[in-house]
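Reading through the structure tokens given below for one structure.
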Amino acid sequence: VIALLTTVPAIAETRKYGPLILDFGRAQKMGKSIVVPGINSQKQPLFIAVLCAERLFNFTGAATKWNNWNEPATIHEAKIITDVCNFI
């Protein structure tokens, strides 16, 4: 039985949202937010942060500086909020 269990592939912890790929396996709770690392379509690293109670979204841009907290502006951002809040 143990041999069979070791051959089962692990569930992917990366998820694609439009041009973004997020690594849920490295998500961390930081204060009231949940921060998830990812990469954009140019393979540049970034971070997404979500405030679940408030349903707000934030992300890092150039030089890993955080932007302002906002309501989701796209269907991808809304899906990220839902998935992050249900995952953690």
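By convention in this document, the chains of the structure tokens carry letters A, B, ... by their order, each chain's residues are numbered from 1, and ligands are numbered from 1 in the order they are shown.
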
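Using only C-alpha atoms, the residues found no farther than 12 Å from A:Ala62, other than those of its own chain fewer than 2 positions away, are Asn40, Gln44, Pro45, Leu46, Phe47, Phe59, Thr60, Thr64, Lys65, Trp66 and Asn67 of chain A.
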
How would the residues just chosen look if you wrote them out with all heavy atoms as a CSV table (one decimal), in the first residue's frame?
chain,number,residue,atom,x,y,z
A,40,ASN,N,4.5,37.0,-13.5
A,40,ASN,CA,3.6,37.5,-14.5
A,40,ASN,C,4.0,36.9,-15.9
A,40,ASN,O,4.8,36.0,-16.0
A,40,ASN,CB,3.7,39.0,-14.5
A,40,ASN,CG,5.1,39.6,-14.9
A,40,ASN,OD1,5.9,38.9,-15.4
A,40,ASN,ND2,5.3,40.9,-14.6
A,44,GLN,N,8.4,37.7,-14.5
A,44,GLN,CA,8.9,38.5,-13.4
A,44,GLN,C,8.2,38.1,-12.1
A,44,GLN,O,7.0,38.0,-12.1
A,44,GLN,CB,8.7,40.0,-13.7
A,44,GLN,CG,9.4,40.4,-15.0
A,44,GLN,CD,9.0,41.8,-15.4
A,44,GLN,OE1,7.8,42.1,-15.5
A,44,GLN,NE2,9.9,42.7,-15.8
A,45,PRO,N,8.9,38.0,-11.0
A,45,PRO,CA,8.3,37.7,-9.7
A,45,PRO,C,7.4,38.8,-9.2
A,45,PRO,O,7.7,40.0,-9.5
A,45,PRO,CB,9.4,37.4,-8.8
A,45,PRO,CG,10.6,38.2,-9.4
A,45,PRO,CD,10.3,38.2,-10.9
A,46,LEU,N,6.3,38.5,-8.5
A,46,LEU,CA,5.4,39.5,-7.9
A,46,LEU,C,4.7,38.8,-6.7
A,46,LEU,O,4.9,37.6,-6.5
A,46,LEU,CB,4.4,40.0,-8.9
A,46,LEU,CG,3.5,38.9,-9.6
A,46,LEU,CD1,2.3,38.6,-8.8
A,46,LEU,CD2,3.1,39.4,-11.0
A,47,PHE,N,4.0,39.6,-6.0
A,47,PHE,CA,3.3,39.1,-4.8
A,47,PHE,C,1.8,39.6,-4.9
A,47,PHE,O,1.6,40.8,-5.3
A,47,PHE,CB,3.9,39.5,-3.5
A,47,PHE,CG,5.2,38.8,-3.2
A,47,PHE,CD1,6.4,39.4,-3.6
A,47,PHE,CD2,5.2,37.6,-2.6
A,47,PHE,CE1,7.6,38.8,-3.3
A,47,PHE,CE2,6.4,37.0,-2.3
A,47,PHE,CZ,7.6,37.6,-2.7
A,59,PHE,N,-1.2,44.1,-5.0
A,59,PHE,CA,-0.1,43.4,-5.6
A,59,PHE,C,1.1,44.2,-5.7
A,59,PHE,O,1.0,45.5,-5.6
A,59,PHE,CB,-0.5,42.9,-7.1
A,59,PHE,CG,-0.9,44.1,-8.0
A,59,PHE,CD1,0.0,44.6,-8.8
A,59,PHE,CD2,-2.2,44.6,-8.0
A,59,PHE,CE1,-0.3,45.7,-9.7
A,59,PHE,CE2,-2.5,45.6,-8.8
A,59,PHE,CZ,-1.5,46.2,-9.7
A,60,THR,N,2.3,43.6,-5.9
A,60,THR,CA,3.5,44.3,-6.0
A,60,THR,C,3.7,44.6,-7.5
A,60,THR,O,3.4,43.8,-8.4
A,60,THR,CB,4.7,43.6,-5.5
A,60,THR,OG1,4.8,42.3,-6.1
A,60,THR,CG2,4.6,43.4,-4.0
A,64,THR,N,9.1,45.6,-6.5
A,64,THR,CA,8.3,44.9,-5.5
A,64,THR,C,7.7,45.9,-4.5
A,64,THR,O,7.6,45.6,-3.3
A,64,THR,CB,9.2,43.9,-4.7
A,64,THR,OG1,10.3,44.5,-4.1
A,64,THR,CG2,9.6,42.8,-5.7
A,65,LYS,N,7.3,47.0,-5.0
A,65,LYS,CA,6.5,48.0,-4.2
A,65,LYS,C,5.0,47.7,-4.2
A,65,LYS,O,4.5,47.4,-5.3
A,65,LYS,CB,6.8,49.4,-4.7
A,65,LYS,CG,8.2,49.9,-4.6
A,65,LYS,CD,8.3,51.2,-3.9
A,65,LYS,CE,9.7,51.7,-3.9
A,65,LYS,NZ,10.4,51.4,-2.7
A,66,TRP,N,4.4,47.7,-3.0
A,66,TRP,CA,3.0,47.4,-3.0
A,66,TRP,C,2.2,48.6,-3.5
A,66,TRP,O,2.5,49.7,-3.4
A,66,TRP,CB,2.5,47.1,-1.5
A,66,TRP,CG,3.0,45.8,-1.0
A,66,TRP,CD1,4.1,45.6,-0.2
A,66,TRP,CD2,2.5,44.5,-1.3
A,66,TRP,NE1,4.3,44.3,0.0
A,66,TRP,CE2,3.3,43.6,-0.7
A,66,TRP,CE3,1.4,44.1,-2.1
A,66,TRP,CZ2,3.0,42.2,-0.7
A,66,TRP,CZ3,1.1,42.7,-2.2
A,66,TRP,CH2,1.9,41.8,-1.5
A,67,ASN,N,1.1,48.3,-4.2
A,67,ASN,CA,0.1,49.3,-4.7
A,67,ASN,C,-0.9,49.5,-3.5
A,67,ASN,O,-0.7,49.1,-2.4
A,67,ASN,CB,-0.5,48.8,-5.9
A,67,ASN,CG,0.4,48.7,-7.1
A,67,ASN,OD1,0.8,49.8,-7.6
A,67,ASN,ND2,0.8,47.5,-7.5

Hey, which bits of stretch 38-59 of chain A sit within 6 Å of stretch 14-28 of chain A, and for each residue what's the closest pair of atoms and how far apart in Å (one decimal), counting only C-alpha atoms, rows by chain and increasing number, as a tab-separated table?
residue	atom	partner	partner_atom	distance
A:Gly38	CA	A:Leu22	CA	4.1
A:Ile39	CA	A:Ile21	CA	5.4
A:Asn40	CA	A:Leu20	CA	4.7
A:Ser41	CA	A:Pro19	CA	5.0

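Interatomic distance, atom CA of A:Ser33 to atom CA of A:Glu54: 9.9 Å.
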
Shell around A:Arg55 at 8 Å using only C-alpha atoms, local window under 4 positions removed, as a list in words: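 My reading of the contact set: Val50, Leu51, Glu71, Pro72 and Ile81 of chain A.
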
Could those residues be written to a file, using C-alpha atoms, as an mmCIF file, in the first residue's frame?
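Output (again-v1.cif):
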data_model
loop_
_atom_site.group_PDB
_atom_site.id
_atom_site.type_symbol
_atom_site.label_atom_id
_atom_site.label_comp_id
_atom_site.auth_asym_id
_atom_site.auth_seq_id
_atom_site.Cartn_x
_atom_site.Cartn_y
_atom_site.Cartn_z
ATOM 1 C CA VAL A 50 -5.750 39.485 -0.195
ATOM 2 C CA LEU A 51 -7.810 40.756 2.724
ATOM 3 C CA GLU A 71 -11.732 45.879 -4.863
ATOM 4 C CA PRO A 72 -11.058 43.369 -7.642
ATOM 5 C CA ILE A 81 -9.689 36.489 -3.932
#

All strand (DSSP E) positions in chain A, as JSON, numbers by chain: {"A": [14, 15, 16, 17, 20, 21, 22, 23, 28, 29, 30, 33, 34, 35, 36, 37, 38, 39, 45, 46, 47, 48, 49, 50, 51, 56, 57, 58, 59]}

Pick from A:Ala49, A:Leu56, A:Ala73, A:Phe87, whichever lies nearest to A:Gly31 using only C-alpha atoms: A:Ala49

Pick the closest to A:Lys29 from A:Gln42, A:Glu13, A:Ile48, A:Ala78: which is it, counting only C-alpha atoms?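 The answer is A:Ile48, which sits nearest to A:Lys29.
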
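Counting from atom CA of A:Asn68, the distance to atom CA of A:Asp83 is 20.5 Å.
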
What gap, in Å, lies between atom CA of A:His76 and atom CA of A:Ala63?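 Value for the atom CA of A:His76-atom CA of A:Ala63 distance: 22.8 Å.
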